[in-house]
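Colleague: What follows is a structure written as structure tokens; I'll ask about it next.
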Amino acid sequence: MKFLIFCVMLTAEMVSSVNGQNKKTDSIRYFLGNIQADTNNVNLLLKYSEAITFFNPDTGLLLDQKALKLAREIHYLKGETGALNNYGEDLHFLGNYPEAFKSQFEALELNRQEKDAYGEAMTLGYIGILYNDIGEYRKAIQYLLPAVTIYEKLPGKFKGAFVLSNLGDSYIFFGMKDSALFYIRRAYEKFGTQDRFHLWSFVLGHMGKIYAEIGENDSALKFYHDEIINCRISNDKLNLSMAQKDIADVYQSAGQYDSSLYYARHAFATAQSVPLKRQMLQASALLAVLYNKIHNPDSAYVYLDIAAAFKDSLYGPEKFRQLQVLMLNEQQRQQSLIQQNEHFRDRIKYIALLSVLGIFLLLAFILIRNNRHKQKANDLLSKQKAKIEETLTELKSTQAQLIQSEKMASLGVLTAGIAHEIQNPLNFVNNFSEVSSELIDEMKGELDKGDINEAKVIASDLKQNLEKINHHGKRAGDIVKGMLQHSRSSTGVKEPTDINALADEYLRLSYHGLRAKDKSFNAKMNTDFDESLSAGEGGVGKINIIPQDIGRVLLNLYNNAFYAVAEKLRCQAELVEADEVYEPTVSVTTKKSENSVLITVSDNGNGIPQNIVDKIFQPFFTTKPTGQGTGLGLSLSYDIVKAHGGEIKVETMEGEGTGFIIKLPV
């Protein structure tokens, strides 16, 4: 009962302001003293700590200290490493870098002892961001790159986004913008869901930072403002302060000092409300520069003094000494581990050498005593050697197959649709090949009879068959080429694209992909493509788009359309009496106007109720049952179309169907 009251208090803490903080902290301390030691309580403390730390790290520190104590009392190692990670992050937010490093290094050692790959990768990421904060970017990369390697082997779509973003940060400071953009984009694309608000804010902030670095301020500001919206939803004051300061930096670089001053003040106030020392240092230093720019020396001196005080608090001689001692201890520990490993390897080699020597002595003794069986023993050894070599060859072959399987795994999602598409031309090739073989036999017979005219007729038929074989063979080749094209990740670069071919191909892939999951599913597909948009000589008719991104939009609309007609068919099938037979239909049209291209995807499903039409492009909004939709498809599609300079709108009639219209500039 007491712990339930405590949970209610924490929930209230997460949704309330910081007023009365001391009183709340005293109450939390009181309840923490009465919590029983068990794994559920440890996990619950860690869960609340992760949520509350981003706007109240002091309270998070109390929770993590208690969780660490309880975990150690019951020898709950997973809870202990989680508490050490959270505790280190609390200290990081509060600017206590020596203790933060100490906590994370202890967590790293425990993770490695327990062989917890996920925990090790997460802790490596925390250590990497600490090194980034103190300017040791090369050391940060030494911890972040192994973390990326570990995450690549683990399941989970958004796992590693935090580490990839930090790795991009390190390369930004090194001035390697291409490498930074590569890793930060990977983090953005890897993030498959936005229900982890703090992590999503972190990724958005880094997307904004890299675009600011390459001079694309409009894109940078878009990501920063999205980050602010996400931070306000989750009451994430840490990332909110950083986003406000980053926007101030963008406006300062553009010479818009009033706007920069506005956001810098907000960044300082947000950081001060937590408080976050490092963010207050950065904001006060920027405010000093800005007030100096607008000729307000009094305010500039005030913030310069504030910045100096925070700099001394964070990076002063005592903190620097503590960091040096900690780094030296860690270096000595690493060297000690290396020496232990070398000693262990030497010992193993020594034991192995003695074992081999003993085996040889035993073999020599046996050979001396059994001289008459020498040849037989040699034959046996030869057979064993051959068997070992054969086994080694099989292992290498198996290894090569596994590597190839891993390479092909990324194409697995296209298999269902592609398999059906490529089977049709292959059937034609096989059938016409068999018929052609029979025609050759007939032609030989006619030539033997001397009937040249009949042989010519058969030869003409044979030529037509070969032309058809060639046609369908090229068609199969085009399908394979398309499969390879769609399996590539988006380059972010626009290229001339046949929009009719793209729309038609994704329609078929979507349909056959759904058919592979549900063999009973059927739907009629209507297409009406503007022939002027089809590629002619020199690429005439093509439009400049990012094909992978627009393909993603089309695939999402097709999947939604097929889902809508399937649901309507299911509902009608449940009715005992139906007035008419319902035929599920999905239609796609393209049309070129003066300066744009219109793509319409429509269905004859149940339509969208008018009271929710305005919400369908909002993130996380979905009408599908729980577990069948994330609510992000149309939101992402909207963003992709907007990024192309186009627009997307919906026309729907409840009970009749829905149509989505994409307008792209030519």
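FYI, nothing fancy with the structure tokens labels: chains A, B, ... in order, residues from 1 per chain, ligands from 1 as they appear.
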Give me, as a PyMOL selection string, all polymer residues having an atom no more than 12 Å from A:Asn111, counting only C-alpha atoms and skipping those fewer than 2 positions away in the same chain.
Modeller: chain A and resi 77-82+84-85+104-109+113-124
Colleague: Please determine, counting only C-alpha atoms, which residue among A:His644, A:Lys568, A:Lys449, A:Lys209 has the shortest atom-to-atom distance to A:Ile546.
Modeller: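 Of A:His644, A:Lys568, A:Lys449, A:Lys209, the one nearest A:Ile546 is A:His644, counting only C-alpha atoms.
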Colleague: Between atom CA of A:Lys615 and atom CA of A:Ser593, what distance in Å does the model show, to one decimal?
Modeller: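 Between atom CA of A:Lys615 and atom CA of A:Ser593 the gap is 28.7 Å.
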Colleague: Could you work out how far atom CA of A:Leu439 lies from atom CA of A:Asn470, giving the answer in Å with one decimal?
Modeller: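 Distance between the two atoms: 17.1 Å.
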Colleague: With distances taken over only C-alpha atoms, which residue among A:Ala566, A:Pro496, A:Ile348, A:Leu70 lies nearest A:Ser520?
Modeller: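 Of A:Ala566, A:Pro496, A:Ile348, A:Leu70, the one nearest A:Ser520, counting only C-alpha atoms, is A:Ala566.
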Colleague: For A:Glu583, please output as a VMD selection string all residues within 10 Å (counting only C-alpha atoms; exclusion window: fewer than 5 positions along the same chain).
Modeller: chain A and resid 522 to 524 565 to 566 568 to 569 604 to 605
